[in-house]
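File shown: final-v3.cif. Contents: mmCIF, N, CA and C atoms and all ligand atoms.
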```cif
data_start
#
loop_
_atom_site.label_atom_id
_atom_site.label_comp_id
_atom_site.auth_asym_id
_atom_site.auth_seq_id
_atom_site.Cartn_x
_atom_site.Cartn_y
_atom_site.Cartn_z
N MET A 158 16.87 6.07 -5.59
CA MET A 158 16.60 5.54 -6.93
C MET A 158 15.09 5.44 -7.16
N SER A 159 14.67 5.85 -8.33
CA SER A 159 13.24 5.86 -8.64
C SER A 159 12.72 4.44 -8.86
N THR A 160 11.49 4.22 -8.50
CA THR A 160 10.90 2.89 -8.60
C THR A 160 9.70 2.92 -9.56
N ILE A 161 9.17 1.73 -9.81
CA ILE A 161 7.97 1.60 -10.62
C ILE A 161 6.81 2.38 -9.98
N PHE A 162 6.79 2.46 -8.65
CA PHE A 162 5.70 3.17 -7.99
C PHE A 162 5.80 4.68 -8.24
N LYS A 163 7.02 5.19 -8.35
CA LYS A 163 7.19 6.61 -8.68
C LYS A 163 6.63 6.88 -10.08
N LYS A 164 6.83 5.94 -10.96
CA LYS A 164 6.28 6.10 -12.33
C LYS A 164 4.75 6.08 -12.30
N ILE A 165 4.18 5.29 -11.40
CA ILE A 165 2.72 5.27 -11.26
C ILE A 165 2.24 6.60 -10.66
N ILE A 166 2.95 7.09 -9.66
CA ILE A 166 2.60 8.40 -9.07
C ILE A 166 2.64 9.49 -10.13
N ASP A 167 3.65 9.45 -10.97
CA ASP A 167 3.84 10.48 -12.01
C ASP A 167 3.00 10.24 -13.25
N LYS A 168 2.18 9.15 -13.21
CA LYS A 168 1.28 8.79 -14.32
C LYS A 168 2.05 8.47 -15.60
N LYS A 169 3.29 8.00 -15.41
CA LYS A 169 4.07 7.57 -16.58
C LYS A 169 3.73 6.14 -16.96
N ILE A 170 3.24 5.37 -15.99
CA ILE A 170 2.65 4.07 -16.32
C ILE A 170 1.29 3.96 -15.64
N ASP A 171 0.44 3.16 -16.26
CA ASP A 171 -0.95 3.06 -15.80
C ASP A 171 -1.08 2.18 -14.56
N ALA A 172 -2.06 2.51 -13.77
CA ALA A 172 -2.46 1.65 -12.66
C ALA A 172 -3.95 1.86 -12.46
N ASP A 173 -4.59 0.90 -11.84
CA ASP A 173 -6.02 1.00 -11.55
C ASP A 173 -6.16 1.71 -10.20
N ILE A 174 -6.27 3.02 -10.27
CA ILE A 174 -6.24 3.86 -9.06
C ILE A 174 -7.61 3.84 -8.38
N VAL A 175 -7.59 3.60 -7.06
CA VAL A 175 -8.85 3.57 -6.31
C VAL A 175 -8.99 4.78 -5.39
N TYR A 176 -7.88 5.46 -5.11
CA TYR A 176 -7.94 6.65 -4.25
C TYR A 176 -6.69 7.49 -4.50
N GLU A 177 -6.88 8.81 -4.46
CA GLU A 177 -5.72 9.70 -4.59
C GLU A 177 -5.99 11.00 -3.87
N ASN A 178 -4.99 11.50 -3.16
CA ASN A 178 -5.02 12.88 -2.68
C ASN A 178 -3.60 13.44 -2.82
N ASP A 179 -3.33 14.58 -2.22
CA ASP A 179 -2.02 15.22 -2.42
C ASP A 179 -0.85 14.38 -1.89
N ASN A 180 -1.14 13.55 -0.89
CA ASN A 180 -0.07 12.82 -0.20
C ASN A 180 0.00 11.34 -0.52
N ILE A 181 -1.12 10.78 -0.92
CA ILE A 181 -1.28 9.32 -0.96
C ILE A 181 -1.90 8.88 -2.28
N LEU A 182 -1.47 7.71 -2.74
CA LEU A 182 -2.10 7.08 -3.90
C LEU A 182 -2.42 5.63 -3.51
N ALA A 183 -3.56 5.16 -3.96
CA ALA A 183 -3.92 3.75 -3.73
C ALA A 183 -4.38 3.15 -5.05
N PHE A 184 -3.87 1.97 -5.34
CA PHE A 184 -4.19 1.33 -6.62
C PHE A 184 -4.18 -0.19 -6.46
N LYS A 185 -4.84 -0.87 -7.43
CA LYS A 185 -4.91 -2.33 -7.35
C LYS A 185 -3.55 -2.95 -7.66
N ASP A 186 -3.20 -3.96 -6.87
CA ASP A 186 -1.97 -4.70 -7.14
C ASP A 186 -2.11 -5.46 -8.46
N VAL A 187 -1.08 -5.39 -9.29
CA VAL A 187 -1.12 -6.03 -10.61
C VAL A 187 -1.14 -7.56 -10.50
N ASN A 188 -0.69 -8.08 -9.37
CA ASN A 188 -0.61 -9.53 -9.17
C ASN A 188 -1.26 -9.89 -7.83
N PRO A 189 -2.60 -9.78 -7.78
CA PRO A 189 -3.29 -9.88 -6.48
C PRO A 189 -3.18 -11.26 -5.85
N ILE A 190 -3.06 -11.28 -4.53
CA ILE A 190 -3.05 -12.55 -3.80
C ILE A 190 -4.38 -12.81 -3.11
N SER A 191 -5.32 -11.90 -3.29
CA SER A 191 -6.65 -12.06 -2.71
C SER A 191 -7.63 -11.27 -3.57
N PRO A 192 -8.94 -11.56 -3.43
CA PRO A 192 -9.91 -10.86 -4.28
C PRO A 192 -9.77 -9.33 -4.22
N ILE A 193 -9.44 -8.83 -3.05
CA ILE A 193 -9.12 -7.40 -2.93
C ILE A 193 -7.67 -7.28 -2.50
N HIS A 194 -6.89 -6.61 -3.30
CA HIS A 194 -5.47 -6.41 -3.00
C HIS A 194 -5.09 -5.02 -3.51
N ILE A 195 -5.09 -4.08 -2.58
CA ILE A 195 -4.82 -2.68 -2.90
C ILE A 195 -3.48 -2.30 -2.29
N LEU A 196 -2.72 -1.52 -3.03
CA LEU A 196 -1.47 -0.96 -2.50
C LEU A 196 -1.71 0.51 -2.16
N ILE A 197 -1.39 0.87 -0.94
CA ILE A 197 -1.55 2.25 -0.49
C ILE A 197 -0.15 2.80 -0.27
N ILE A 198 0.19 3.85 -1.00
CA ILE A 198 1.57 4.34 -0.95
C ILE A 198 1.59 5.85 -0.70
N PRO A 199 2.64 6.32 -0.02
CA PRO A 199 2.82 7.77 0.06
C PRO A 199 3.42 8.27 -1.26
N LYS A 200 3.08 9.48 -1.63
CA LYS A 200 3.72 10.03 -2.83
C LYS A 200 5.18 10.38 -2.55
N LYS A 201 5.48 10.66 -1.30
CA LYS A 201 6.87 10.89 -0.91
C LYS A 201 7.65 9.59 -1.07
N GLU A 202 8.83 9.69 -1.67
CA GLU A 202 9.64 8.48 -1.88
C GLU A 202 10.39 8.13 -0.59
N ILE A 203 9.95 7.04 0.03
CA ILE A 203 10.61 6.50 1.22
C ILE A 203 10.89 5.04 0.89
N PRO A 204 12.15 4.62 0.82
CA PRO A 204 12.44 3.27 0.31
C PRO A 204 11.90 2.13 1.18
N THR A 205 12.13 2.19 2.48
CA THR A 205 11.73 1.08 3.35
C THR A 205 11.23 1.62 4.69
N LEU A 206 10.66 0.74 5.48
CA LEU A 206 10.23 1.15 6.83
C LEU A 206 11.41 1.64 7.66
N ASN A 207 12.62 1.17 7.33
CA ASN A 207 13.80 1.65 8.05
C ASN A 207 14.07 3.13 7.82
N ASP A 208 13.47 3.67 6.78
CA ASP A 208 13.77 5.05 6.39
C ASP A 208 12.72 6.06 6.84
N ILE A 209 11.67 5.58 7.51
CA ILE A 209 10.67 6.57 7.96
C ILE A 209 11.24 7.38 9.11
N ALA A 210 10.83 8.65 9.15
CA ALA A 210 11.31 9.58 10.18
C ALA A 210 10.13 9.98 11.06
N VAL A 211 10.45 10.53 12.21
CA VAL A 211 9.39 11.00 13.11
C VAL A 211 8.49 11.99 12.36
N SER A 212 9.09 12.77 11.49
CA SER A 212 8.30 13.77 10.74
C SER A 212 7.34 13.12 9.73
N ASP A 213 7.48 11.81 9.51
CA ASP A 213 6.56 11.11 8.60
C ASP A 213 5.36 10.52 9.34
N LYS A 214 5.27 10.75 10.65
CA LYS A 214 4.25 10.01 11.40
C LYS A 214 2.83 10.35 10.97
N GLU A 215 2.59 11.61 10.58
CA GLU A 215 1.26 11.99 10.12
C GLU A 215 0.93 11.29 8.79
N LEU A 216 1.92 11.24 7.93
CA LEU A 216 1.76 10.58 6.64
C LEU A 216 1.44 9.09 6.82
N LEU A 217 2.17 8.45 7.70
CA LEU A 217 1.92 7.02 7.97
C LEU A 217 0.53 6.83 8.57
N GLY A 218 0.15 7.73 9.46
CA GLY A 218 -1.18 7.65 10.06
C GLY A 218 -2.26 7.82 9.00
N GLU A 219 -2.02 8.71 8.07
CA GLU A 219 -2.99 8.95 6.98
C GLU A 219 -3.17 7.69 6.14
N MET A 220 -2.09 6.94 5.94
CA MET A 220 -2.21 5.69 5.17
C MET A 220 -3.20 4.74 5.84
N PHE A 221 -3.18 4.69 7.17
CA PHE A 221 -4.11 3.80 7.87
C PHE A 221 -5.54 4.30 7.78
N ILE A 222 -5.71 5.62 7.84
CA ILE A 222 -7.07 6.18 7.73
C ILE A 222 -7.62 5.89 6.34
N ILE A 223 -6.78 6.00 5.33
CA ILE A 223 -7.23 5.72 3.96
C ILE A 223 -7.52 4.23 3.79
N ALA A 224 -6.71 3.37 4.39
CA ALA A 224 -7.00 1.93 4.36
C ALA A 224 -8.38 1.66 4.95
N GLN A 225 -8.67 2.32 6.05
CA GLN A 225 -9.98 2.15 6.71
C GLN A 225 -11.12 2.58 5.77
N LYS A 226 -10.93 3.71 5.10
CA LYS A 226 -11.96 4.22 4.17
C LYS A 226 -12.16 3.26 2.99
N ILE A 227 -11.06 2.79 2.43
CA ILE A 227 -11.16 1.89 1.27
C ILE A 227 -11.81 0.57 1.69
N ALA A 228 -11.42 0.07 2.85
CA ALA A 228 -12.01 -1.19 3.34
C ALA A 228 -13.53 -1.05 3.49
N LYS A 229 -13.96 0.10 3.97
CA LYS A 229 -15.41 0.34 4.13
C LYS A 229 -16.07 0.43 2.76
N LYS A 230 -15.44 1.19 1.87
CA LYS A 230 -16.01 1.37 0.52
C LYS A 230 -16.13 0.03 -0.22
N LEU A 231 -15.16 -0.83 -0.02
CA LEU A 231 -15.16 -2.12 -0.72
C LEU A 231 -15.89 -3.21 0.09
N ASN A 232 -16.44 -2.77 1.23
CA ASN A 232 -17.30 -3.64 2.03
C ASN A 232 -16.57 -4.86 2.59
N ILE A 233 -15.32 -4.67 2.98
CA ILE A 233 -14.60 -5.76 3.65
C ILE A 233 -14.36 -5.43 5.12
N ASN A 234 -14.87 -4.28 5.55
CA ASN A 234 -14.59 -3.84 6.92
C ASN A 234 -15.22 -4.75 7.97
N LYS A 235 -16.40 -5.27 7.68
CA LYS A 235 -17.08 -6.10 8.70
C LYS A 235 -16.44 -7.49 8.78
N ASN A 236 -16.24 -8.12 7.63
CA ASN A 236 -15.61 -9.45 7.64
C ASN A 236 -14.16 -9.36 8.07
N GLY A 237 -13.51 -8.28 7.70
CA GLY A 237 -12.13 -8.06 8.10
C GLY A 237 -11.16 -8.11 6.94
N TYR A 238 -9.97 -7.75 7.24
CA TYR A 238 -8.94 -7.64 6.20
C TYR A 238 -7.58 -7.65 6.89
N ARG A 239 -6.55 -7.68 6.09
CA ARG A 239 -5.19 -7.66 6.63
C ARG A 239 -4.42 -6.53 5.98
N VAL A 240 -3.60 -5.82 6.75
CA VAL A 240 -2.67 -4.86 6.16
C VAL A 240 -1.25 -5.34 6.47
N VAL A 241 -0.40 -5.20 5.47
CA VAL A 241 0.97 -5.73 5.57
C VAL A 241 1.94 -4.71 4.99
N PHE A 242 3.04 -4.51 5.70
CA PHE A 242 4.19 -3.80 5.15
C PHE A 242 5.34 -4.80 5.10
N ASN A 243 5.92 -5.02 3.96
CA ASN A 243 7.11 -5.86 3.87
C ASN A 243 8.34 -4.96 3.92
N CYS A 244 9.39 -5.43 4.58
CA CYS A 244 10.62 -4.63 4.67
C CYS A 244 11.83 -5.47 4.28
N ASN A 245 12.47 -5.01 3.21
CA ASN A 245 13.73 -5.62 2.74
C ASN A 245 13.60 -7.12 2.43
N LYS A 246 14.72 -7.77 2.31
CA LYS A 246 14.77 -9.13 1.74
C LYS A 246 13.97 -10.16 2.55
N ASP A 247 14.23 -10.24 3.83
CA ASP A 247 13.54 -11.25 4.62
C ASP A 247 12.05 -10.95 4.76
N GLY A 248 11.70 -9.68 4.65
CA GLY A 248 10.28 -9.31 4.71
C GLY A 248 9.56 -9.51 3.39
N GLY A 249 10.33 -9.80 2.33
CA GLY A 249 9.71 -10.04 1.02
C GLY A 249 9.43 -8.77 0.24
N GLN A 250 10.14 -7.67 0.57
CA GLN A 250 9.92 -6.41 -0.16
C GLN A 250 10.62 -6.45 -1.51
N THR A 251 9.85 -6.19 -2.57
CA THR A 251 10.42 -6.19 -3.92
C THR A 251 10.46 -4.79 -4.53
N VAL A 252 9.59 -3.92 -4.07
CA VAL A 252 9.58 -2.54 -4.58
C VAL A 252 9.99 -1.63 -3.42
N HIS A 253 11.08 -0.89 -3.64
CA HIS A 253 11.64 -0.10 -2.55
C HIS A 253 11.07 1.33 -2.52
N HIS A 254 9.79 1.32 -2.29
CA HIS A 254 9.00 2.55 -2.03
C HIS A 254 7.94 2.04 -1.07
N ILE A 255 7.93 2.51 0.16
CA ILE A 255 7.05 1.87 1.16
C ILE A 255 5.60 1.81 0.67
N HIS A 256 4.95 0.71 1.01
CA HIS A 256 3.57 0.50 0.59
C HIS A 256 2.87 -0.41 1.59
N MET A 257 1.62 -0.10 1.80
CA MET A 257 0.78 -0.94 2.63
C MET A 257 -0.06 -1.82 1.69
N HIS A 258 0.01 -3.14 1.91
CA HIS A 258 -0.89 -4.05 1.20
C HIS A 258 -2.19 -4.11 2.00
N LEU A 259 -3.30 -3.80 1.34
CA LEU A 259 -4.62 -3.98 1.95
C LEU A 259 -5.25 -5.19 1.29
N LEU A 260 -5.41 -6.24 2.09
CA LEU A 260 -5.81 -7.56 1.56
C LEU A 260 -7.16 -7.95 2.14
N GLY A 261 -8.06 -8.38 1.26
CA GLY A 261 -9.37 -8.79 1.77
C GLY A 261 -10.11 -9.65 0.76
N GLY A 262 -11.32 -10.04 1.15
CA GLY A 262 -12.16 -10.84 0.28
C GLY A 262 -11.98 -12.33 0.48
N ARG A 263 -11.09 -12.70 1.37
CA ARG A 263 -10.94 -14.11 1.79
C ARG A 263 -10.32 -14.09 3.17
N SER A 264 -10.26 -15.27 3.81
CA SER A 264 -9.62 -15.27 5.12
C SER A 264 -8.15 -15.67 4.97
N PHE A 265 -7.35 -15.21 5.89
CA PHE A 265 -5.91 -15.45 5.88
C PHE A 265 -5.52 -16.23 7.12
N SER A 266 -4.56 -17.12 6.94
CA SER A 266 -4.12 -17.90 8.10
C SER A 266 -3.15 -17.07 8.95
N TRP A 267 -3.01 -17.53 10.17
CA TRP A 267 -2.03 -16.93 11.07
C TRP A 267 -1.38 -18.04 11.88
N PRO A 268 -0.05 -18.11 12.02
CA PRO A 268 0.91 -17.16 11.47
C PRO A 268 1.05 -17.30 9.96
N PRO A 269 1.47 -16.22 9.29
CA PRO A 269 1.64 -16.27 7.85
C PRO A 269 2.83 -17.13 7.49
N GLY A 270 2.91 -17.57 6.25
CA GLY A 270 4.01 -18.42 5.81
C GLY A 270 5.31 -17.69 5.67
P1 LIG B 301 6.32 -6.06 -2.03
O1 LIG B 301 6.69 -7.47 -2.42
O2 LIG B 301 7.44 -5.10 -2.35
O3 LIG B 301 5.81 -5.92 -0.65
O4 LIG B 301 5.07 -5.69 -2.94
C1 LIG B 301 5.18 -5.11 -4.18
C2 LIG B 301 3.86 -5.33 -4.87
O5 LIG B 301 3.80 -4.48 -6.00
C3 LIG B 301 3.66 -6.75 -5.39
O6 LIG B 301 2.50 -7.30 -4.78
C4 LIG B 301 3.50 -6.58 -6.88
O7 LIG B 301 2.53 -7.44 -7.43
C5 LIG B 301 3.12 -5.12 -7.03
N1 LIG B 301 3.56 -4.50 -8.26
C6 LIG B 301 4.81 -4.55 -8.79
N2 LIG B 301 4.86 -3.83 -9.92
C7 LIG B 301 3.61 -3.31 -10.11
C8 LIG B 301 3.04 -2.48 -11.13
O8 LIG B 301 3.68 -2.05 -12.08
N3 LIG B 301 1.73 -2.16 -10.98
C9 LIG B 301 0.98 -2.58 -9.93
N4 LIG B 301 -0.29 -2.19 -9.88
N5 LIG B 301 1.48 -3.36 -8.95
C10 LIG B 301 2.78 -3.72 -9.04
#
```
Represent the supplied structure as structure tokens.
Ligand code: 5GP
Amino acid sequence: MSTIFKKIIDKKIDADIVYENDNILAFKDVNPISPIHILIIPKKEIPTLNDIAVSDKELLGEMFIIAQKIAKKLNINKNGYRVVFNCNKDGGQTVHHIHMHLLGGRSFSWPPG
């Protein structure tokens, strides 16, 4: 089933895009929980972390490389940042298209709530 993120990938709805290549899109979260809150998503529709395949490992690795680049560009790499993938109900996933939250600009507690 298509999600709101697929509509963003297809440019049917607007998003504040910070990075794009053939495989990956990154854009600002519409409801940020920190001064920097970027969503990094594969253009391939994968609903949850349960659905990733071995053949997706390069794609998943690329998401981390892009997170690293964005963190450097936004100057949060030295102070640090958090990346989060939520999975299904208990993980707090609301959009069923896998996405990495890149969170920065403030400190985060551990363990999370
Ligand atoms: P999840 O809870 O699934 O891990 O995260 C989904 C995230 O997508 C939420 O942080 C939410 O604010 C964000 N989000 C939902 N709909 C939209 C949208 O239409 N545009 C943007 N930019 N972010 C969205």
Review point. For ligand LIG 301 (chain B), which of A:Ile203, A:Ile190, A:Ile222, A:Val252 is the closest residue, counting all atoms listed in the file?
Key: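 Ranked by minimum distance to ligand LIG 301 (chain B), first place goes to A:Val252.
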Review point. Hey, which residues come within 8 Å of ligand LIG 301 (chain B) if we count only N, CA and C atoms and all ligand atoms? Could you give them as a ChimeraX atom specification?
Key: /A:161-162,165,170-174,184-190,196,241-245,248-258
Would you write out those residues with N, CA and C atoms, as an mmCIF file, keeping the file's coordinate frame?
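Output (part30.cif):
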```
data_model
loop_
_atom_site.group_PDB
_atom_site.id
_atom_site.type_symbol
_atom_site.label_atom_id
_atom_site.label_comp_id
_atom_site.auth_asym_id
_atom_site.auth_seq_id
_atom_site.Cartn_x
_atom_site.Cartn_y
_atom_site.Cartn_z
ATOM 1 N N ILE A 161 9.170 1.730 -9.810
ATOM 2 C CA ILE A 161 7.970 1.600 -10.620
ATOM 3 C C ILE A 161 6.810 2.380 -9.980
ATOM 4 N N PHE A 162 6.790 2.460 -8.650
ATOM 5 C CA PHE A 162 5.700 3.170 -7.990
ATOM 6 C C PHE A 162 5.800 4.680 -8.240
ATOM 7 N N ILE A 165 4.180 5.290 -11.400
ATOM 8 C CA ILE A 165 2.720 5.270 -11.260
ATOM 9 C C ILE A 165 2.240 6.600 -10.660
ATOM 10 N N ILE A 170 3.240 5.370 -15.990
ATOM 11 C CA ILE A 170 2.650 4.070 -16.320
ATOM 12 C C ILE A 170 1.290 3.960 -15.640
ATOM 13 N N ASP A 171 0.440 3.160 -16.260
ATOM 14 C CA ASP A 171 -0.950 3.060 -15.800
ATOM 15 C C ASP A 171 -1.080 2.180 -14.560
ATOM 16 N N ALA A 172 -2.060 2.510 -13.770
ATOM 17 C CA ALA A 172 -2.460 1.650 -12.660
ATOM 18 C C ALA A 172 -3.950 1.860 -12.460
ATOM 19 N N ASP A 173 -4.590 0.900 -11.840
ATOM 20 C CA ASP A 173 -6.020 1.000 -11.550
ATOM 21 C C ASP A 173 -6.160 1.710 -10.200
ATOM 22 N N ILE A 174 -6.270 3.020 -10.270
ATOM 23 C CA ILE A 174 -6.240 3.860 -9.060
ATOM 24 C C ILE A 174 -7.610 3.840 -8.380
ATOM 25 N N PHE A 184 -3.870 1.970 -5.340
ATOM 26 C CA PHE A 184 -4.190 1.330 -6.620
ATOM 27 C C PHE A 184 -4.180 -0.190 -6.460
ATOM 28 N N LYS A 185 -4.840 -0.870 -7.430
ATOM 29 C CA LYS A 185 -4.910 -2.330 -7.350
ATOM 30 C C LYS A 185 -3.550 -2.950 -7.660
ATOM 31 N N ASP A 186 -3.200 -3.960 -6.870
ATOM 32 C CA ASP A 186 -1.970 -4.700 -7.140
ATOM 33 C C ASP A 186 -2.110 -5.460 -8.460
ATOM 34 N N VAL A 187 -1.080 -5.390 -9.290
ATOM 35 C CA VAL A 187 -1.120 -6.030 -10.610
ATOM 36 C C VAL A 187 -1.140 -7.560 -10.500
ATOM 37 N N ASN A 188 -0.690 -8.080 -9.370
ATOM 38 C CA ASN A 188 -0.610 -9.530 -9.170
ATOM 39 C C ASN A 188 -1.260 -9.890 -7.830
ATOM 40 N N PRO A 189 -2.600 -9.780 -7.780
ATOM 41 C CA PRO A 189 -3.290 -9.880 -6.480
ATOM 42 C C PRO A 189 -3.180 -11.260 -5.850
ATOM 43 N N ILE A 190 -3.060 -11.280 -4.530
ATOM 44 C CA ILE A 190 -3.050 -12.550 -3.800
ATOM 45 C C ILE A 190 -4.380 -12.810 -3.110
ATOM 46 N N LEU A 196 -2.720 -1.520 -3.030
ATOM 47 C CA LEU A 196 -1.470 -0.960 -2.500
ATOM 48 C C LEU A 196 -1.710 0.510 -2.160
ATOM 49 N N VAL A 241 -0.400 -5.200 5.470
ATOM 50 C CA VAL A 241 0.970 -5.730 5.570
ATOM 51 C C VAL A 241 1.940 -4.710 4.990
ATOM 52 N N PHE A 242 3.040 -4.510 5.700
ATOM 53 C CA PHE A 242 4.190 -3.800 5.150
ATOM 54 C C PHE A 242 5.340 -4.800 5.100
ATOM 55 N N ASN A 243 5.920 -5.020 3.960
ATOM 56 C CA ASN A 243 7.110 -5.860 3.870
ATOM 57 C C ASN A 243 8.340 -4.960 3.920
ATOM 58 N N CYS A 244 9.390 -5.430 4.580
ATOM 59 C CA CYS A 244 10.620 -4.630 4.670
ATOM 60 C C CYS A 244 11.830 -5.470 4.280
ATOM 61 N N ASN A 245 12.470 -5.010 3.210
ATOM 62 C CA ASN A 245 13.730 -5.620 2.740
ATOM 63 C C ASN A 245 13.600 -7.120 2.430
ATOM 64 N N GLY A 248 11.700 -9.680 4.650
ATOM 65 C CA GLY A 248 10.280 -9.310 4.710
ATOM 66 C C GLY A 248 9.560 -9.510 3.390
ATOM 67 N N GLY A 249 10.330 -9.800 2.330
ATOM 68 C CA GLY A 249 9.710 -10.040 1.020
ATOM 69 C C GLY A 249 9.430 -8.770 0.240
ATOM 70 N N GLN A 250 10.140 -7.670 0.570
ATOM 71 C CA GLN A 250 9.920 -6.410 -0.160
ATOM 72 C C GLN A 250 10.620 -6.450 -1.510
ATOM 73 N N THR A 251 9.850 -6.190 -2.570
ATOM 74 C CA THR A 251 10.420 -6.190 -3.920
ATOM 75 C C THR A 251 10.460 -4.790 -4.530
ATOM 76 N N VAL A 252 9.590 -3.920 -4.070
ATOM 77 C CA VAL A 252 9.580 -2.540 -4.580
ATOM 78 C C VAL A 252 9.990 -1.630 -3.420
ATOM 79 N N HIS A 253 11.080 -0.890 -3.640
ATOM 80 C CA HIS A 253 11.640 -0.100 -2.550
ATOM 81 C C HIS A 253 11.070 1.330 -2.520
ATOM 82 N N HIS A 254 9.790 1.320 -2.290
ATOM 83 C CA HIS A 254 9.000 2.550 -2.030
ATOM 84 C C HIS A 254 7.940 2.040 -1.070
ATOM 85 N N ILE A 255 7.930 2.510 0.160
ATOM 86 C CA ILE A 255 7.050 1.870 1.160
ATOM 87 C C ILE A 255 5.600 1.810 0.670
ATOM 88 N N HIS A 256 4.950 0.710 1.010
ATOM 89 C CA HIS A 256 3.570 0.500 0.590
ATOM 90 C C HIS A 256 2.870 -0.410 1.590
ATOM 91 N N MET A 257 1.620 -0.100 1.800
ATOM 92 C CA MET A 257 0.780 -0.940 2.630
ATOM 93 C C MET A 257 -0.060 -1.820 1.690
ATOM 94 N N HIS A 258 0.010 -3.140 1.910
ATOM 95 C CA HIS A 258 -0.890 -4.050 1.200
ATOM 96 C C HIS A 258 -2.190 -4.110 2.000
#
```
Review point. How far is it from atom N of Ile193 (chain A) to atom C of Asp208 (chain A), in Å with one decimal?
Key: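 If I compute the distance from atom N of Ile193 (chain A) to atom C of Asp208 (chain A), I get 28.5 Å.
When atom C of Arg239 (chain A) is paired with atom N of Ile198 (chain A), their separation reads 13.3 Å.
Counting from atom N of Leu182 (chain A), the distance to CA of Lys200 (chain A) is 5.7 Å.
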Kindly compute an axis-aligned box around the listed atoms of region 177-189 of chain A, allowing 6 Å on each side, and express its centre and edge lengths in Å to one decimal as JSON.
```
{"center_x": -3.4, "center_y": 2.0, "center_z": -5.4, "size_x": 18.9, "size_y": 38.5, "size_z": 22.4}
```
